[in-house]
Amino acid sequence: MRTVTRLAGFAVGLAAVFGATYGIGRVVDRTPAAESRHDGGAAPATGIDETADRIPGGLLVSDRGYTLETVDAPADEFAFRVVGPDGRPVTRYDVAHDKRMHLIVARRDLSGFRHVHPELTPDGTWRVDTPLAGAGQWRAFADFVPTGGEALTLGVDVTVPGELTERPLPAPSTSTTVDGYTVTLTGAPQPGRTSPLTLTVSRDGQPVTDLEPYLGAYGHLVALRRGDLAYLHVHPDGAPGDGRTPPGPAVTFFAEVPSAGSYRLYLDFRHGGAVHTAEFTVVTGTPPADAPPTGDDPSGPAPTGDADHGTPGHGHN
Ligand SMILES: [Cu+2]
């Protein structure tokens, strides 16, 4: 069931939201859309009242009554809390993917990605050795399930003072290396439809066939959209121990991106007792003019809502 997230199916709603400059305001305003609709019922089933659930994670600092706040901390530490609907820091969280809190950070230029797991102190403050590696404008994403609430990803900007060096987004590529591993990407995310992305891990020219489970999966894929760092977290098709999912070399995800654009993909996988992160830039919607055919299988998964590919509304999105 860790296959697809509620990514599936929200692209149409997103297009509507982002196409309108007042989109965010409308979403934050929880006024039932039906009250303000004057279309005589002609609106499609996916009205504006549903778009709140169709916004990618991480764009809001406050949602459904929960607000992400940073907390003053020593320079070598990063601390934050989530304030709940009652105005107090949340202290009870459900475990999702082995952890009660997943903290992902990246600089606004999409460099510096880290995925770490802070410790909760009794007053509701989460603390972790700072993953913010150097000066810059950072986005911190808290991916969690408050006990009794829904899964949320909230995001907050964090500035680390110092001399800022903007890093250009690396060019699109289907192969990358990290820590001596080569990771290749086949398939391409597409706006408006769920499509397979397969990442294949090799080392010294040999396929890696003994990937180690990491947080209940052989891989975790986060995508951040260039421009606003919209956050997508996708879990692979199949899980360790399910009798059908081999431990590599390939890990397949089913993902849908919310719009055309440039994305940075970050694949976390575990091997040799360590977690490695392979990064790719992908551009959807407008393939490079000189790109060869991607080899996508046109008979692949149907557009959104493919019931075989998972349970929407999973903890991470
Ligand atoms: Cu995590």
# chains A, B, ... in the order shown; residues from 1 in each chain; ligands from 1

call {"tool": "closest_atom_pairs", "arguments": {"of": "chain A", "to": "ligand 1", "cutoff": "7 Å", "atoms": "only C-alpha atoms and all ligand atoms", "output": "CSV"}}
result
residue,atom,partner,partner_atom_place_in_ligand_line,distance
A:Lys99,CA,ligand 1,1 (Cu),6.5
A:Met101,CA,ligand 1,1 (Cu),6.7
A:His102,CA,ligand 1,1 (Cu),3.8
A:Leu103,CA,ligand 1,1 (Cu),6.4
A:His115,CA,ligand 1,1 (Cu),5.9
A:Val116,CA,ligand 1,1 (Cu),5.9
A:His117,CA,ligand 1,1 (Cu),5.9

call {"tool": "residues_around", "arguments": {"residues": "Val156 (chain A)", "least_positions_apart": "6", "cutoff": "9 Å", "atoms": "only C-alpha atoms", "output": "count of residues only"}}
result
12

call {"tool": "residues_around", "arguments": {"residues": "region 165-180 of chain A", "least_positions_apart": "3", "cutoff": "6 Å", "atoms": "only C-alpha atoms", "output": "list in words"}}
result
Val183, Thr184, Leu185, Ala278, Thr281 and Val282 of chain A

call {"tool": "closest_atom_pairs", "arguments": {"of": "region 49-147 of chain A", "to": "region 233-253 of chain A", "cutoff": "10 Å", "atoms": "only C-alpha atoms", "output": "tab-separated table"}}
result
residue	atom	partner	partner_atom	distance
A:Pro56	CA	A:His233	CA	9.6
A:Gly57	CA	A:His233	CA	8.5
A:His97	CA	A:His235	CA	9.8
A:Asp143	CA	A:His233	CA	9.3

call {"tool": "atom_distance", "arguments": {"atom1": "CA of Arg127 (chain A)", "atom2": "CA of Leu265 (chain A)"}}
result
25.9 Å

call {"tool": "closest_residue", "arguments": {"among": "A:Leu267, A:Leu224, A:Ala274, A:Leu120", "to": "Arg92 (chain A)", "atoms": "only C-alpha atoms"}}
result
A:Leu120

call {"tool": "residues_around", "arguments": {"residues": "Asp94 (chain A)", "least_positions_apart": "6", "cutoff": "9 Å", "atoms": "only C-alpha atoms", "output": "list in words"}}
result
Arg100, Met101, Phe144, Val145, Pro146, Thr147 and Gly148 of chain A

call {"tool": "select_by_dssp", "arguments": {"residues": "region 66-145 of chain A", "states": "strand (DSSP E or B)", "output": "PyMOL selection string"}}
result
chain A and resi 66-71+77-83+89+93-94+96+99+101-107+114-116+119-120+125-129+136-145

call {"tool": "select_by_dssp", "arguments": {"residues": "region 18-261 of chain A", "states": "helix (DSSP H, G or I)", "output": "count of residues only"}}
result
18

call {"tool": "closest_residue", "arguments": {"among": "A:Gly136, A:Gly149, A:Gly219, A:Pro131", "to": "Leu110 (chain A)", "atoms": "only C-alpha atoms"}}
result
A:Gly136

call {"tool": "residues_around", "arguments": {"residues": "Asp204 (chain A)", "least_positions_apart": "2", "cutoff": "10 Å", "atoms": "only C-alpha atoms", "output": "list in words"}}
result
Gly180, Tyr181, Thr182, Ser202, Gln206, Pro207 and Val208 of chain A

call {"tool": "atom_distance", "arguments": {"atom1": "CA of Ala75 (chain A)", "atom2": "CA of Ala135 (chain A)"}}
result
11.8 Å

call {"tool": "atom_distance", "arguments": {"atom1": "CA of Arg108 (chain A)", "atom2": "CA of Val71 (chain A)"}}
result
20.3 Å

call {"tool": "closest_residue", "arguments": {"among": "A:Phe280, A:Tyr93, A:Phe269, A:Trp126", "to": "Leu215 (chain A)", "atoms": "only C-alpha atoms"}}
result
A:Phe269

call {"tool": "residues_around", "arguments": {"residues": "Arg225 (chain A)", "least_positions_apart": "6", "cutoff": "8 Å", "atoms": "only C-alpha atoms", "output": "PyMOL selection string"}}
result
chain A and resi 231+261-264
